[in-house]
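Visitor: Before I ask anything, let me first share the structure, which is written out below as structure tokens.
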Protein chains: 2
Amino acid sequence: MTGHMTPEEFRAHGHRAVDWIADYLAGIESHPVRSRVRPGEVRSALPEHPPERGEPFDAVLADLDRVLLPGVTHWQHPSFFAYFPANASGPGILGDLLSAGLGVQGMVWATSPACTELETVVVDWLAELLGLPKAFRTDAAGGGVIQDSASSASLVALIAALRRAGGGVVADRGIAGHYRLYVSSQTHSSLEKAARVTGIGAANVRLVDVDPDTLAMDSAHLRRLLAEDRAAGAVPAMVCATVGTTSTAAVDPVPEIGAVCREHGVWLHVDAAYAGVAAVCPELRWIDDGVAEYADSYATNPHKWLLTNFDCTVLWLADRAPMIDALSILPEYLRNPATTSGEVIDYRDWQVPLGRRFRALKLWAVLRWYGAEGLRAHIRTGVALAAELAELVAADPAFELWRPQRFGLVCFRPLWPGLPDAEADAATMALLEWLNDSGDLYLSHTKVPVGHERVLLRMAIGAPATERRHVLAAWERIRAGYALTARERGVPVRSR
Amino acid sequence: MTGHMTPEEFRAHGHRAVDWIADYLAGIESHPVRSRVRPGEVRSALPEHPPERGEPFDAVLADLDRVLLPGVTHWQHPSFFAYFPANASGPGILGDLLSAGLGVQGMVWATSPACTELETVVVDWLAELLGLPKAFRTDAAGGGVIQDSASSASLVALIAALRRAGGGVVADRGIAGHYRLYVSSQTHSSLEKAARVTGIGAANVRLVDVDPDTLAMDSAHLRRLLAEDRAAGAVPAMVCATVGTTSTAAVDPVPEIGAVCREHGVWLHVDAAYAGVAAVCPELRWIDDGVAEYADSYATNPHKWLLTNFDCTVLWLADRAPMIDALSILPEYLRNPATTSGEVIDYRDWQVPLGRRFRALKLWAVLRWYGAEGLRAHIRTGVALAAELAELVAADPAFELWRPQRFGLVCFRPLWPGLPDAEADAATMALLEWLNDSGDLYLSHTKVPVGHERVLLRMAIGAPATERRHVLAAWERIRAGYALTARERGVPVRSR
């Protein structure tokens, strides 16, 4: 019978697992970017029943190659452009490995002080690297905390905002259905999800207009909505401004929105999940505009563009008190002298779950391996490649570039002269599927309101493995696919 | 300047990280179980500012030894008895490593089909291993999903329960403050947290009485509360029954509670976070009593006692529809042919966050390495050691054993003849601190209502490294500490 894996067995199998990953990363370009399996194919290749007897670890590695890899869509592939990059990096992977090896659970300070204190150090470091305000530091009234994702960060921010808006009412008596959340059509879906989860309700999420050209939130419309709602007796709980929306990387005007929030005493959450980390570069520091003056909470994802394995979102608050008031519950078995002293942070009160992994290790490993200058170089590479691609798109009469083009995201659409809008969009989608089916690259799409909704292709650049040649090859592939699709649909192909 | 870690650099550093963990696990008994650092000590030993230039990975490993390890409370230490074990195991660690190396994000099926399909396979395997009902299988109306923790599982269950109780109202119009959640004083604090988060409010959490001897929920009192609340116009949303409470591993009578829920059409969530996995042993299969007949949702934590690294909770539902109705939002950029076809699971709709890690890999690695018989052997070892300790405690006139003693948890209190209750409890707490300060073992405490609240010591057995000698050594240490404390406080020490 298989017993526990001894440290020496672990050493041997661990070396093999590391080698597997090193080989996988070295050979990643040999795989199609997007998996070609059909629904159910992976499942049907696995045993229906669990094993009665233990199996050697090598059997797991063998099935990883044989059964799972064909079902993997390769997020670390240099030609993965579909979603904002979920950057993994060597130091990030190893930080996660060390966290798994230690196997500590940092729900309160006392259950592993280093887990809590390293987290405080690295979120303070990151705030400094990004130029975020001193109020976000734990030694002021605020503080930072690692969440699993920006969705959870938004939820925690909303819980804190509700607490502040409703006094003691929200956590104790429940919410009474007259709270409002303000977003735009471009805000991430997790905000609506948070409104559902917290009981505000999707119907109480107010959609603020966007500028039709930039898709940025219209602060004048926000002001009107807030005034209307307050006049009608509703309680505005939170406004979410986004720096770098998922759809097109649009940037809401945080200073203007913040001023409106200030007038009305409403909590301002800034969701900079994707773009926030780019503020590590001084030339992109404008990302922080308005944050120091107005933001009650701010979130960005080192797991997107800052080389830290998913999951690692950092949420900062200017005042941690309403969050802790809303989320703190202390059962007897968690009572301990350090908590009672008030001298320590218990991060369980800064999140929805109780338990927590030692995620600070991977962020620490990344910040130390790269240093500030290595992080800046990584961001600059993505920005430069995106700008170069945008120029190519803009120069090609068969394509239309979506402007403003921001950060590492390039959105554009092929033009299909003579096709009605619906058919043109269908042609764009057909081109997208053709490209993704090729296995050579992976793009995604979005719709933006240009008069009415039109399909755009999205190409997000910023994976560490992505070089100029991958971007240029993708562009050539897109042009070739366009020419083919256009011929099939009888559209005259314009050439440069 | 430091660039990206190449695959060959990763291989070299990875081997060193694996060696570090192997050495750590082999030498874990050389560390005090509970960290001795004072608040702020770890933080002050780390640089105040992030590095400008990259550093070698060996510097991270060196600081792990020098700065962090003294601040670590060692959850994998064989004498860690304070909380339910957060079992890490070799295959669990390596599964997590492979997940980090692949770096995929499985928010929808299409973003890595293997991530979704392996998860479905392993949660179905686990349901079979634990004897859970067929309705919990994804190919029926229900299904299982990995959550980060039982807190999140409870929250998702409550969201689904609210949806069912309120029809379309809850997700759309928000909740109106007249919903109720039913728990006992012994239910995990995450349920009250979920009531706060969902807007039900802590004041609408109803405390059902417990049997004073067993601390199990009183189903007759539940029936009365439900009738009262419904008569008053409130809507009962969910009842949470617990199999293996955190405080004393008490077991609520699920069949009786389930029958009451059925009468009133109320959602029954069974929180078996700690004990549920023990049903892998046929002799403990009674853990599932009433689940097949009555449970709408059920959660257990392979990351506690089933050798899978934190985080890994499995939540099953008998009907997945209300959860998906409540949580599904499909923005354009996530629309894809597989999702549209309805042939696949998109697990983003089964959880609060959008993004998700490939956590199935670690559970898969564990189930395969150990096989069913290896898992049973692990559970049986913990149960047998706990039973042996319970006998020792019961046989010692200086101690009182809390009964019923269940699973791997032993609760007991020293007797302090002649001391008033408050002083006796203070003496117990002083003994606890003396033991934990020793570094040789780590226990925790709880309070249970015995007439009024009395302090008990908790000793949770079940770490893979824990052998009989560690339990016996702990017991000798407890007796020695008791004798010392009793002498200091002028209490006559009874000897066997």
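Simple scheme: letters A, B, ... for chains in structure tokens order, numbers from 1 for residues in each chain, numbers from 1 for ligands in the order shown.
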Which residues are near Arg477 of chain A? Cut-off 9 Å, only C-alpha atoms, ignore same chain within fewer than 5 positions. Put them as a PyMOL selection string.
Guide: chain A and resi 435+440-441+472+482
Visitor: Using only C-alpha atoms, find each residue of segment 269-351 of chain B with at least one atom at most 12 Å away from an atom of segment 444-459 of chain A; report its shortest atom-to-atom pair and that distance in Å (one decimal), sort the rows by chain and rising residue number, and return the result as JSON lines.
Guide:
{"residue": "B:Leu330", "atom": "CA", "partner": "A:Thr446", "partner_atom": "CA", "distance": 11.8}
{"residue": "B:Pro331", "atom": "CA", "partner": "A:Thr446", "partner_atom": "CA", "distance": 8.6}
{"residue": "B:Glu332", "atom": "CA", "partner": "A:Thr446", "partner_atom": "CA", "distance": 5.6}
{"residue": "B:Tyr333", "atom": "CA", "partner": "A:Thr446", "partner_atom": "CA", "distance": 4.8}
{"residue": "B:Leu334", "atom": "CA", "partner": "A:Ser444", "partner_atom": "CA", "distance": 8.3}
{"residue": "B:Arg335", "atom": "CA", "partner": "A:His445", "partner_atom": "CA", "distance": 8.6}
{"residue": "B:Asn336", "atom": "CA", "partner": "A:Ser444", "partner_atom": "CA", "distance": 9.0}
{"residue": "B:Pro337", "atom": "CA", "partner": "A:Ser444", "partner_atom": "CA", "distance": 11.9}
Visitor: Which value, in Å to one decimal, gives the distance between atom CA of Glu373 of chain A and atom CA of Val314 of chain A?
Guide: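 So the answer is 20.4 Å.
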Visitor: Which neighbours of segment 365-371 of chain B fall inside 6 Å, counting only C-alpha atoms, when residues of the same chain fewer than 6 positions from it are skipped, and could you give them as a ChimeraX atom specification?
Guide: /A:2,51-55 /B:91-92,95
Visitor: Contacts of Tyr24 of chain A at 9 Å or less, counting only C-alpha atoms, minus same-chain residues fewer than 6 places along, as a PyMOL selection string?
Guide: chain B and resi 7+101-102
Visitor: Identify, on the basis of only C-alpha atoms, every residue whose closest approach to Val266 of chain A does not exceed 8 Å; exclude the query and any residue fewer than 4 positions from it along the same chain; express the result as a PyMOL selection string.
Guide: chain A and resi 165+236-239+261-262
Visitor: Mind checking which residues fall within 12 Å of Glu263 of chain A, counting only C-alpha atoms, ignoring those fewer than 6 positions away in the same chain, and posting them as a list in words?
Guide: Leu222, Arg223, Arg224, Leu226, Ala227, Glu256, Ile257 and Tyr294 of chain A
Visitor: Can you list every residue in segment 415-486 of chain A that DSSP puts in strand (DSSP E), as a PyMOL selection string?
Guide: chain A and resi 444-450+452-460
Visitor: Quick one: residues within 10 Å of Gly481 of chain A, only C-alpha atoms counted, chain neighbours fewer than 6 positions away excluded, as a PyMOL selection string?
Guide: chain A and resi 430-432+434-435+475+487
Visitor: Which of these residues is nearest to Ser112 of chain B, using only C-alpha atoms: A:Val235, A:Gln186, A:Pro39, A:Ala127?
Guide: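 Counting only C-alpha atoms, the residue closest to Ser112 of chain B is A:Pro39.
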Visitor: Could you jot down the atom CA of Ala176 of chain A to atom CA of Leu158 of chain B separation for me, Å, one decimal place?
Guide: 17.8 Å
Visitor: DSSP on the backbone, then: every residue of segment 149-272 of chain A marked helix (DSSP H, G or I), written as a VMD selection string.
Guide: chain A and resid 150 to 166 169 to 173 189 to 197 202 to 204 219 to 231 254 to 264
Visitor: Nearest to Gln105 of chain A among B:Met217, B:Lys304, B:Gly166, B:Pro255, with distances taken over only C-alpha atoms: which residue is it?
Guide: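 That would be B:Lys304, the residue with the smallest distance to Gln105 of chain A.
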Visitor: Suppose you want the space between atom CA of Asp96 of chain B and atom CA of Ile146 of chain B; what is it in Å?
Guide: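 The value is 13.9 Å.
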Visitor: Of the candidates B:Ser190, B:Val104, B:Gln405, B:Ala195, which shows the shortest atom-to-atom distance to Phe80 of chain A, using only C-alpha atoms?
Guide: B:Val104
Visitor: From the list B:Leu415, B:Ala161, B:Val183, B:Ala377, which residue is nearest chain A when using only C-alpha atoms?
Guide: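 Of the candidates, the smallest distance to chain A is held by B:Ala377.
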Visitor: Given the choices A:Ala160, A:Val280, A:Leu401, A:Val122, which gets closest to Leu327 of chain A if the distance is worked out from only C-alpha atoms?
Guide: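 Smallest separation from Leu327 of chain A among the options: A:Ala160.
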